[in-house]
Every structure is written in structure tokens, then in C-alpha cells.
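Colleague: My questions all concern the structure below.
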Amino acid sequence: MTGSPTPVQRPVVMARYNPKETEPKWRKAWTDADAFRAVADPAKPKYYVLEMFPYPSGRVHMGHVRNYSLGDVIARFKRARGFSVLHPMGWDAFGLPAENAAMERGVDPRAWTYENIARMRQDLKQLGLAIDWSREFATCDVEYYGKQQALFLDLMARGLVYRKESVVNWDPVDQTVLANEQVIDGRGWRSDALVEKRKLNQWAMRITDYADQLVDDLATLDRWPDKVRLMQENWIGRSRGLKFRFHFAGAGSDNDLQVYTTRPDTLYGASFVGIAADHPLAAEIAAKDPAAAAFIETCRRGAATEAEIETAEKIGYDTGLRVKHPFEPDWELPVWIANFILMDYGTGAIFACPAHDQRDLDFCRKYGLPVTPVVLPPGEAPSTFAIGDEAYTGPGILYNSKELDGLDIESAKARAIQRIEAQGDGEGATVFRLRDWGVSRQRAWGCPIPVVHCATDGVVPLPKSALPVTHPADIEFGKSGNALERHPTWKHTTCPICGGPATRETDTLDTFVDSSWYFARFANSHAEEPIDKAAADYWLPVDQYIGGIEHAVLHLLYARFVTKALADDGQLSVREPFAGLFTQGMVTHETYRRQNGEWVEPALVEFVTEGATRRARLIDGGEPLSIGDIEKMSKSKKNTVAPEEIFEVYGVDAARLFVLSDSPPERDTQWSTSGVQGAWRFVNRVWDEFDSQPADVPAGEPDDALRRATHRLVKQVTEAIDTFRFNSGIARLYEFLNLLKANPAAGATPAILVARHEALSAFARLIGPFTPHLAEECWVRIGGAGMVVEAEWPAFDLGLTEDAVKILPVQVNGKRRGEISAPAGAEPADVERIVLADAEIAQRLEGLTIRKIIVVKDRIVNIVAA
RNA sequence: GCCGCGAUAGCUCAGUGGUAGAGCGCAUCCUUGGUAAGGCUGAGGUCCAGGGUUCGAAUCCCUGUCGUGGCACCA
């Protein structure tokens with residue numbers, strides 16, 4: 001770098017950067033210019049960036065700041081790169097917290113929700129997000145959920161919605177049903193209460209109709225994290241196997257017994273046939289056999305909760321029935337009822353091969369049933385191989401298996417399926433772990449299901465002309481249970497078919513239904529139809545979706561399903577809603593406790609550093625505190641930091657910069673006061689650099705080195721944003737700022753001043769996505785035209801991103817022994833000449849014979865010598 | 001149990017075959033009219049361990065250790 005020869009002089013009295021003044025000013029300027037309105041311009045490529053919309057809990061927290069700042073970087077970057085950008089915001093506004101607030105505080109859920117929305121809208125607007133607010137809606141708006149009711153009727157007409165009596169997950173605290181996806185380790189995802197099993201009449205959606213597509217199409221989602229695709233694949237749990245019938249030997253049931261297996265290769269290792277306790281055959285047996293009935297009752301009692309089912313000991317009951325082995329008519333297998341067999345997976349019946357399945361083995365060891373190995377592991381001898389307490393599930397060669405002997409597992413499976421099919425006893429089958437999606441919720445603060453129950457006509461969907469079905473105005477929320485059910489008049493109506501009296505459905509839809517199409521509604525939030533097809537065709541799919549990993553299965557699976565269903569109904573053209581998905585990490589913070597174990601919030605803590613150790617104490621009184629683990633910000637551990645307080649002290653830009661700079665976006669980031677102070681210092685130093693630049697820059701050639709550094713910076717930051725490595729992009733900006741400080745405006749040569757101007761012009765635009773307010777202020781300071789939000793992204797010249805002369809390290813036998821200078825792009829032969837002419841290298845090579853010289857262009861030279 | 005991910009400076013993390021880096025923190029010094037501030041300079045690393053491939057390994061392969069995420073009686 002060609003620095004100025006004059007000593008560094010501090011410019012006289014610099015105006016301190018004041019975010020409190022500049023930030024609101026620029027937000028107003030953007031609003032006045034309507035800068036973020038999404039316009040479907042056919043001349044431009046489109047880009048739809050969306051963050052998972054928030055639940056209006058009342059306050060914006062640091063997690064929101066991170067989530068929406070990440071999306072905002074993309075939105076601003078793509079806009080500057082010439083895309084038509086859609087970046088909308090809405091509210092996932094139905095759900096239990098509003099009803100809970102109603103119960104606890106006697107407020108109206110609707111009013112509570114809209115007040116929260118108003119406050120959070122204000123907070124989010126303060127963040128300076130490049131959002132088209134004209135498209136905003138809440139899922140509890142009649143204009144939204146009324147359209148959703150129409151979609152529900154469409155899906156119902158397609159046979160994708162049905163009603164069934166089924167065993168459901170009942171949350172005793174929230175007093176409602178939960179989908180399988182909402183039960184985590186046997187507990188409600190929201191209430192954390194132990195989930196019970198109940199039999200109820202429920203609305204469900206046939207997501208299983210799309211199970212194959214939902215797995216197969218994962219392969220097309222190449223801009224999704226592998227982890228999320230894997231989680232969905234595991235959740236859907238597609239397995240290929242064989243469904244076949246056992247024929248009863250002697251007295252049995254009238255019907256054959258159908259089982260499902262993924263291991264037809266192990267049929268010759270069969271030990272017994274098992275059925276679930278709630279299998280129809282079990283009921284048939286229980287009718288005649290009191291002992292069987294008692295056993296079934298035991299199974300039911302011992303399995304009230306999911307958690308208990310998972311940990312229960314395996315128990316069984318021998319029914320006395322016998323079935324014939326499909327390959328050996330004389331071989332009879334006993335039929336047992338067993339508690340570990342699930343009625344709602346496969347056929348609710350299995351054949352057990354204990355040697356190669358741990359569950360079956362545990363069961364057979366307990367009840368003294370035979371264990372015959374039929375797969376011989378590599379390297380084992382048939383005469384000595386034996387099964388102990390561990391089933392063998394690895395690869396091997398079939399034995400003890402007649403015509404399957406000598407085959408590998410896959411060939412044996414194929415052969416067994418072939419034979420069963422030829423016998424007419426069954427066929428190869430695909431079975432899924434995925435269950436249909438139970439969407440009924442016994443809560444009032446949700447989207448009413450547009451259906452009535454008529455004594456004459458049964459379950460009758462309402463005509464679309466009867467929509468929307470709205471909540472009663474005088475709904476009484478103060479008690480537990482379903483307020484719609486309790487309301488004195490609301491549910492009484494007439495049947496659209498016969499005109500007779502009918503009762504409205506009082507269940508409402510799972511809020512995940514609300515969020516499974518909102519992204520399509522954003523294409524035109526005010527359309528008459530639920531989805532404006534033309535607008536959706538332009539904007540969808542979402543190019544970049546951003547949210548937490550906690551929705552990897554729930555929301556993201558439902559949204560994919562609904563998109564496919566709506567595509568089949570002709571309402572959408574895309575079959576996948578989100579082309580790109582990014583799952584961001586959480587915001588964490590250290591925890592602090594008093595001696596008595598009470599948690600202490602960070603705002604009350606100060607630190608003292610004694611050498612290498614850092615201690616915490618109460619600001620008020622100085623009581624020493626213990627510093628605990630770094631955990632997700634949560635109210636219970638009091639390790640939260642309120643965004644609005646940070647905005648007040650350091651400004652919005654510093655807060656945004658810090659949450660973006662500290663970690664890669666997909667990882668957790670640790671909030672710290674020193675970190676945000678560092679970001680704040682950066683903001684100030686950036687402003688100093690712009691403020692010290694003279695307004696009248698002389699004409700002339702720019703300093704070459706600084707110019708090259710600028711082009712290199714533009715390339716690096718552009719690539720960093722493109723690849724979601726925002727933290728590295730920001731690190732490059734920090735480095736570059738240091739470079740600018742090393743080439744100050746005061747006393748600079750004209751060449752430096754010109755290069756600085758070019759650098760600052762690029763810099764103002766490069767920081768735009770991260771610190772948008774500061775960017776505008778800096779842009780104006782150096783005489784930029786218009787606003788940064790209207791400016792083009794800086795371009796770079798690839799040729800200028802490299803130095804003209806390269807310093808190449810020279811290794812001898814892999815160890816660094818010196819360096820040489822060579823022109824960029826120099827050919828190996830030329831580099832070799834330079835190396836061999838170098839005195840220092842020659843000295844190192846004295847007495848050695850050069851065997852080989854490896855030149856890596858522009859990088860390094862390695863001499864192999866002996 | 002099954003399927004993943006990770007381990008690099010005190011902290012948070014870049015770096016995917018070629019000279020070990022950034023920010024923060026820490027230390028020294030300067031400034032004391034930006035002052036509950038600013039600046040200069042610097043120290044600090046068995047790239048988790050062991051083995052392999054290679055002219056060359058933080059990077060690729062194998063084994064192990066530790067941490068962590070998801071799923072889990074799904075036949």
C-alpha cells in the first residue's frame with residue numbers, strides 16, 4: 001500500500017454518528033419513496049424471500065431480530081442486483097396463547113391478538129426491514145380464514161378431507177387433540193403435558209396419499225439443508241416389504257391373517273405370528289376367551305400415554321390358534337397377542353423372526369419360543385454361529401432356508417416375494433410411518449370448519465356462498481374447553497340440503513393449516529379468490545425461505561402437502577412451495593445465578609476481569625454471581641436481552657450487525673454486550689471514515705493497490721451473501737475498514753483520495769444489506785445519487801481482484817524455505833527459472849539433487865530434492 | 001438402538017490439498033478538547049487423538065475419543 005508520507009492527523013472535531021436521529025429519518029424516507037413495494041415486473045427476474053411469519057405473542061425478541069435481519073439481507077441484496085423482490089410480512093395469529101390469555105386475564109382473544117400485532121408491527125418496522133407492508137395480513141382476519149374455508153371445501157371435494165373415529169393424542173392441559181407431529185417424547189409440543197390416548201371423531205387430511213411424492217420430491221429440493229430432507233424422509237418412513245396372508249390351521253378365524261414384513265428373506269426363521277391388542281382378531285378371540293380379554297385389558301391400561309407405551313415391557317398371550325407357514329404347509333406357527341405390536345402400522349400383525357429382530361428376540365427369550373438363525377454373517381461357520389441376547393441384523397448369506405440358501409439378503413427378499421405372489425398369498429408392498437394429518441382442534445380461537453351435521457343428511461359441507469363462517473361476536477372465552485361448543489346459539493343452523501335443523505361443526509382447524517398456504521396468499525393478499533393464480537404463477541415458489549429448524553417436519557411437511565394438493569386442484573402451478581430453505585440457529589446467552597440459585601437477568605450483571613478469569617457480580621450491591629451455561633434465551637432462565645433496549649442504546653444497525661456478524665447464520669449465536677459494543681464501534685468507525693473524506697475529490701488515476709483491494713472486497717462480500725456466509729462477508733468489511741484507516745484522507749495523495757472515493761462508494765452499498773440506515777447516511781456524505789436502496793450493487797472487475805505481482809512461498813521437501821516474486825499468472829517454466837536464480841533457495845539446495853519441481857500457479861512452489 | 005452434524009487462538013467462528021486467519025477479548029504504549037471515549041503495537045495455535053494416501057494434509061480416507069441434533073417397540 002502506498003501510504004501518505006505525512007503523519008496521521010486527526011480531522012478536527014468530528015460529528016459523532018447519532019443513530020437516534022438518522023435511523024428514523026431513513027425509515028421515513030424509504031416509506032415515503034414506497035421503496036419496498038413488490039412489483040411483478042416481467043422484464044426482471046423475480047425473487048421471493050420469506051421468513052416464517054411470527055406468532056403475535058406481544059414482543060419482538062432477539063430470535064425475531066436475527067430471523068428477519070437474515071431475510072432482510074437477502075431482500076436488499078437481491079433488489080440491488082436487479083430482481084423484482086417480494087418480501088412480505090404477516091401474522092400466524094390463531095392459537096392457544098390467545099385463549100390462555102383470555103382465561104388468565106379475562107381479555108378478548110381477538111382484541112389481545114390485534115393489540116399484540118400492533119405492537120410487534122411497530123417493533124419490526126423499527127428494525128428497518130425492506131418489507132412490502134401493503135401485503136400484510138393475519139390468519140385470524142376473516143378475509144384470510146374465510147378463504148381458507150373455501151380451500152378446505154375444495155380439498156374435501158377432492159376426497160382429501162375425511163372424518164374418522166380414531167385413537168388420538170389428547171393433550172389434557174390444552175384440552176385438545178394433537179397431531180403426531182406435535183407430540184414430542186410423549187408430551188404436547190406446547191403444553192409439555194403427558195399426552196393421553198382417546199377415541200374421538202376427528203377431521204383428518206389424507207397426507208398419506210402424497211407420501212410417495214413427499215419423499216421422492218425431496219430429491220428436487222437441492223437448496224434445502226440435507227438435514228431437513230433427511231428428517232422428513234425419516235418421518236415419512238417409507239419401507240418396502242411384503243404383505244401376505246397366513247392361512248389358519250384347523251379351527252381359527254374365518255378370515256386369513258394378513259401381516260406386513262420388511263424381511264421376507266427371514267421367513268424360514270419364523271417363530272410365531274403376533275397381532276396387536278386392538279387387532280380385530282384379538283377382539284374375536286376375547287369374545288370366547290376371558291383370559292385373552294383380560295390380557296387385552298392389561299395392555300390397554302398399561303398404555304395410557306405415549307411415554308408409557310415406549311417404555312413398557314414386552315408381554316404376550318398365546319391365543320392357542322395356529323397358522324400354516326406359507327412355504328411349509330405342515331409347519332404350524334402359534335398366534336400371540338403382543339403389546340409391542342402397533343395396530344396403526346402395516347397391518348397390525350407380524351411374523352416374528354427372533355434371530356434377526358431384537359424385539360422379536362426379547363419376546364421369544366422371555367416366552368421360550370424357538371430361535372433359528374437364517375442369515376449367516378460373513379466369516380461365520382454354520383455349525384458354530386449362534387444367537388445370544390443380540391439379534392443379528394447385518395448382511396450375510398441365507399442358510400437353514402431351503403431354496404433361499406446361499407442367496408444374499410436382497411436376492412432372498414426378491415425370491416420370497418416372488419414365491420408368495422405366485423402362490424396368490426400376497427404381494428410386495430410399500431408401507432409408511434407417516435399417518436394422516438388430524439386437523440380437528442377442540443378450540444374456539446381457530447378457523448371454523450365449514451361443515452354442518454344434519455340428522456337427515458349427515459355431515460354436510462356448506463356451499464361457498466355460505467362462507468365465511470365466522471366466530472360469534474359474544475363468544476365467552478373465560479373457561480376451559482371449547483367456547484364454540486358452549487355458545488348458546490352459534491352452532492344451531494339449518495342444513496343446506498334439506499333445510500332442516502343442523503348443528504355446526506364446533507372443531508376448528510389446526511393452526512398449521514393456516515400456515516400451509518399463507519405464502520401463496522402473499523402473491524396477492526387482497527384477491528377475491530383464495531389464491532390469485534396469475535400472481536402466484538409469477539411469484540412462486542418462494543426462492544428463499546428462512547426459519548427455525550424446529551419446523552423441519554411439522555410446518556414444512558404440511559405446507560409441501562397442501563401445495564401439491566392445491567396444484568392437483570389447479571389452484572397452483574408449483575408442486576413445491578419453497579425452492580430454497582435456510583434454517584437459522586438460535587440466539588443464546590450466558591446465564592447468571594445468585595448464591596441462592598435465583599436466575600439473574602443480564603442487565604443487572606457487571607463483570608470484572610482478573611487476569612485470565614472473568615467474574616460476574618450484581619451491579620447493585622456487588623454480590624458475586626456464578627456464570628452458567630450458554631443457553632437459548634428464555635424467560636425462565638432470565639437470560640433474555642430486550643431488543644428495544646439495545647436499539648435505544650446502540651441503534652438498530654448495531655444490533656442487526658451483531659446478530660449477523662458473530663456466527664454463521666445456521667449456527668447458534670451468542671449474544672453478548674461486548675459483541676454488540678464491537679458492532680457499535682464499527683458503525684462509528686465507518687462513519688468516521690466517510691466523514692473524513694473531502695467532498696471535492698481530485699480527478700486522476702486511483703491508487704492501484706487500494707483499488708484492487710476494493711474490487712477484491714466487492715467480490716468477497718458479494719459471494720459471501722450469495723452463499724449465506726454473512727458473517728464472513730462482515731469480517732471482510734471489518735478488515736477493509738482497517739485498510740481504509742491505514743490510508744487516511746488527511747494528508748493523502750490525490751491517487752489515494754481517488755481510490756478512497758471509489759472504495760467508499762462501494763462500501764456504502766456493500767453495508768446496505770446489513771446496516772441499511774448507516775449505509776444511507778454514508779452514501780449521502782460522499783455525494784451518492786438518490787438512496788442506497790435505489791442504487792445498483794457495486795460491480796467488480798475480476799482482473800482487478802488479483803494482485804499483479806504474486807509472492808510465492810518456496811518449499812523444499814514440503815518445508816517453507818523462502819519466497820519469490822512472480823507476475824500473476826506466470827507459467828511454471830518461468831517460475832522455475834526465477835526460483836533457480838534465487839540465491840537463498842540455491843543455498844538451501846546445496847549438496848542436494850533436484851528430483852522434481854512442483855509449481856502451483858499463483859500459489860506455491862515445492863522442490864523435491866535428495 | 002438407527003440416521004446425521006461438529007471438534008482450528010481465551011471466546012465466537014472463517015479456512016475443503018499448497019505461507020494457519022478474522023472479529024471480540026487480553027497485554028504494552030500513545031491520546032486525555034470524540035472522554036462511561038479514540039488510536040498504535042503485540043502476545044497467544046500439538047488445527048481433538050492415532051494411522052493411511054500424497055512431493056505436500058487443518059483440508060481426503062480409516063479408527064477412536066468427546067460434544068451435539070433428529071428419530072425410535074414402525075415389523
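We label chains A, B, ... in the order they appear in the C-alpha cells, count residues from 1 in each chain, and number ligands from 1 in the order shown.
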Please check the contacts: residues of chain B at most 6 Å away from chain A, using only C-alpha atoms (C1' of nucleotides), listed as a list in words.
Modeller: G18, U19, A22, C55, G56, C73, C74 and A75 of chain B
Colleague: Point out the residue among A:Asp278, A:Glu590, A:Asp537, A:Asp72 with the least atom-to-atom distance to Ala130 in chain A, counting only C-alpha atoms.
Modeller: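 Of A:Asp278, A:Glu590, A:Asp537, A:Asp72, the one nearest Ala130 in chain A, counting only C-alpha atoms, is A:Asp72.
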Colleague: Got a sec to tell me which of range 448-523 of chain A DSSP assigns to alpha helix (DSSP H), as a list in words?
Modeller: Ala483, Leu484, Glu485, Arg486, Thr511, Phe512, Val513, Asp514, Tyr518, Phe519, Ala520 and Arg521 of chain A
Colleague: Report as an NGL selection string: the residues of range 28-187 of chain A with a DSSP assignment of strand (DSSP E or B), based on the backbone of this structure.
Modeller: :A and (46-51 or 84-86 or 90-91 or 137-138 or 161-171 or 176-178 or 183-184 or 187)
Colleague: Could you save the residues just selected, with N, CA and C atoms, as a PDB file, in the first residue's frame?
Modeller:
```pdb
ATOM      1  N   LYS A  46     -37.566 -12.532 -10.936  1.00  0.00           N
ATOM      2  CA  LYS A  46     -38.237 -12.311  -9.643  1.00  0.00           C
ATOM      3  C   LYS A  46     -37.495 -13.027  -8.527  1.00  0.00           C
ATOM      4  N   TYR A  47     -37.687 -12.539  -7.334  1.00  0.00           N
ATOM      5  CA  TYR A  47     -37.100 -13.216  -6.176  1.00  0.00           C
ATOM      6  C   TYR A  47     -38.050 -13.039  -4.996  1.00  0.00           C
ATOM      7  N   TYR A  48     -38.477 -14.164  -4.460  1.00  0.00           N
ATOM      8  CA  TYR A  48     -39.416 -14.151  -3.336  1.00  0.00           C
ATOM      9  C   TYR A  48     -38.661 -14.636  -2.108  1.00  0.00           C
ATOM     10  N   VAL A  49     -38.457 -13.725  -1.174  1.00  0.00           N
ATOM     11  CA  VAL A  49     -37.784 -14.107   0.075  1.00  0.00           C
ATOM     12  C   VAL A  49     -38.775 -13.967   1.217  1.00  0.00           C
ATOM     13  N   LEU A  50     -38.827 -15.015   2.022  1.00  0.00           N
ATOM     14  CA  LEU A  50     -39.830 -15.056   3.081  1.00  0.00           C
ATOM     15  C   LEU A  50     -39.238 -15.661   4.344  1.00  0.00           C
ATOM     16  N   GLU A  51     -39.487 -14.990   5.463  1.00  0.00           N
ATOM     17  CA  GLU A  51     -39.146 -15.605   6.738  1.00  0.00           C
ATOM     18  C   GLU A  51     -40.437 -16.193   7.302  1.00  0.00           C
ATOM     19  N   SER A  84     -36.943  -8.268  -9.153  1.00  0.00           N
ATOM     20  CA  SER A  84     -38.211  -7.860  -8.543  1.00  0.00           C
ATOM     21  C   SER A  84     -38.329  -8.679  -7.278  1.00  0.00           C
ATOM     22  N   VAL A  85     -38.311  -8.004  -6.153  1.00  0.00           N
ATOM     23  CA  VAL A  85     -38.283  -8.745  -4.898  1.00  0.00           C
ATOM     24  C   VAL A  85     -39.638  -8.671  -4.194  1.00  0.00           C
ATOM     25  N   LEU A  86     -40.103  -9.841  -3.745  1.00  0.00           N
ATOM     26  CA  LEU A  86     -41.261  -9.887  -2.860  1.00  0.00           C
ATOM     27  C   LEU A  86     -40.773 -10.292  -1.481  1.00  0.00           C
ATOM     28  N   GLY A  90     -46.582 -11.195   7.650  1.00  0.00           N
ATOM     29  CA  GLY A  90     -47.928 -11.478   8.146  1.00  0.00           C
ATOM     30  C   GLY A  90     -47.868 -12.046   9.551  1.00  0.00           C
ATOM     31  N   TRP A  91     -48.998 -12.526  10.017  1.00  0.00           N
ATOM     32  CA  TRP A  91     -49.096 -12.975  11.412  1.00  0.00           C
ATOM     33  C   TRP A  91     -49.799 -14.305  11.507  1.00  0.00           C
ATOM     34  N   PHE A 137     -51.174  -9.438   6.312  1.00  0.00           N
ATOM     35  CA  PHE A 137     -52.451  -9.929   6.833  1.00  0.00           C
ATOM     36  C   PHE A 137     -52.184 -10.815   8.035  1.00  0.00           C
ATOM     37  N   ALA A 138     -53.261 -11.087   8.777  1.00  0.00           N
ATOM     38  CA  ALA A 138     -53.173 -12.019   9.900  1.00  0.00           C
ATOM     39  C   ALA A 138     -54.086 -13.191   9.593  1.00  0.00           C
ATOM     40  N   VAL A 161     -60.107 -34.698   2.532  1.00  0.00           N
ATOM     41  CA  VAL A 161     -60.505 -34.417   3.909  1.00  0.00           C
ATOM     42  C   VAL A 161     -61.536 -35.456   4.292  1.00  0.00           C
ATOM     43  N   TYR A 162     -61.408 -36.029   5.442  1.00  0.00           N
ATOM     44  CA  TYR A 162     -62.413 -37.002   5.867  1.00  0.00           C
ATOM     45  C   TYR A 162     -62.540 -37.004   7.374  1.00  0.00           C
ATOM     46  N   ARG A 163     -63.541 -37.718   7.820  1.00  0.00           N
ATOM     47  CA  ARG A 163     -63.836 -37.768   9.236  1.00  0.00           C
ATOM     48  C   ARG A 163     -63.715 -39.202   9.668  1.00  0.00           C
ATOM     49  N   LYS A 164     -63.076 -39.441  10.761  1.00  0.00           N
ATOM     50  CA  LYS A 164     -62.962 -40.827  11.185  1.00  0.00           C
ATOM     51  C   LYS A 164     -62.902 -40.913  12.701  1.00  0.00           C
ATOM     52  N   GLU A 165     -63.425 -42.013  13.193  1.00  0.00           N
ATOM     53  CA  GLU A 165     -63.288 -42.320  14.606  1.00  0.00           C
ATOM     54  C   GLU A 165     -61.888 -42.883  14.773  1.00  0.00           C
ATOM     55  N   SER A 166     -61.110 -42.241  15.595  1.00  0.00           N
ATOM     56  CA  SER A 166     -59.758 -42.768  15.717  1.00  0.00           C
ATOM     57  C   SER A 166     -59.185 -42.491  17.088  1.00  0.00           C
ATOM     58  N   VAL A 167     -58.166 -43.256  17.398  1.00  0.00           N
ATOM     59  CA  VAL A 167     -57.444 -43.029  18.641  1.00  0.00           C
ATOM     60  C   VAL A 167     -56.545 -41.829  18.399  1.00  0.00           C
ATOM     61  N   VAL A 168     -56.664 -40.841  19.245  1.00  0.00           N
ATOM     62  CA  VAL A 168     -55.933 -39.609  19.011  1.00  0.00           C
ATOM     63  C   VAL A 168     -55.066 -39.270  20.212  1.00  0.00           C
ATOM     64  N   ASN A 169     -54.171 -38.342  19.982  1.00  0.00           N
ATOM     65  CA  ASN A 169     -53.323 -37.816  21.050  1.00  0.00           C
ATOM     66  C   ASN A 169     -54.093 -36.687  21.730  1.00  0.00           C
ATOM     67  N   TRP A 170     -54.407 -36.874  23.000  1.00  0.00           N
ATOM     68  CA  TRP A 170     -55.189 -35.861  23.717  1.00  0.00           C
ATOM     69  C   TRP A 170     -54.292 -35.156  24.713  1.00  0.00           C
ATOM     70  N   ASP A 171     -54.259 -33.827  24.565  1.00  0.00           N
ATOM     71  CA  ASP A 171     -53.478 -33.025  25.498  1.00  0.00           C
ATOM     72  C   ASP A 171     -54.391 -32.593  26.633  1.00  0.00           C
ATOM     73  N   THR A 176     -57.145 -30.431  24.026  1.00  0.00           N
ATOM     74  CA  THR A 176     -57.366 -30.564  22.591  1.00  0.00           C
ATOM     75  C   THR A 176     -56.548 -31.725  22.043  1.00  0.00           C
ATOM     76  N   VAL A 177     -56.864 -32.060  20.811  1.00  0.00           N
ATOM     77  CA  VAL A 177     -56.169 -33.132  20.116  1.00  0.00           C
ATOM     78  C   VAL A 177     -54.872 -32.597  19.525  1.00  0.00           C
ATOM     79  N   LEU A 178     -53.873 -33.453  19.449  1.00  0.00           N
ATOM     80  CA  LEU A 178     -52.623 -33.061  18.801  1.00  0.00           C
ATOM     81  C   LEU A 178     -52.315 -34.016  17.654  1.00  0.00           C
ATOM     82  N   VAL A 183     -46.516 -34.227  18.991  1.00  0.00           N
ATOM     83  CA  VAL A 183     -46.203 -34.961  20.214  1.00  0.00           C
ATOM     84  C   VAL A 183     -44.707 -35.224  20.240  1.00  0.00           C
ATOM     85  N   ILE A 184     -44.038 -34.622  21.206  1.00  0.00           N
ATOM     86  CA  ILE A 184     -42.584 -34.754  21.308  1.00  0.00           C
ATOM     87  C   ILE A 184     -42.283 -35.566  22.565  1.00  0.00           C
ATOM     88  N   ARG A 187     -45.058 -35.956  24.920  1.00  0.00           N
ATOM     89  CA  ARG A 187     -45.646 -34.772  25.543  1.00  0.00           C
ATOM     90  C   ARG A 187     -46.117 -33.776  24.504  1.00  0.00           C
TER      91      ARG A 187
END
```
Colleague: To one decimal place in Å, what is the distance between CA of Thr208 in chain A and CA of Asn180 in chain A?
Modeller: 13.1 Å
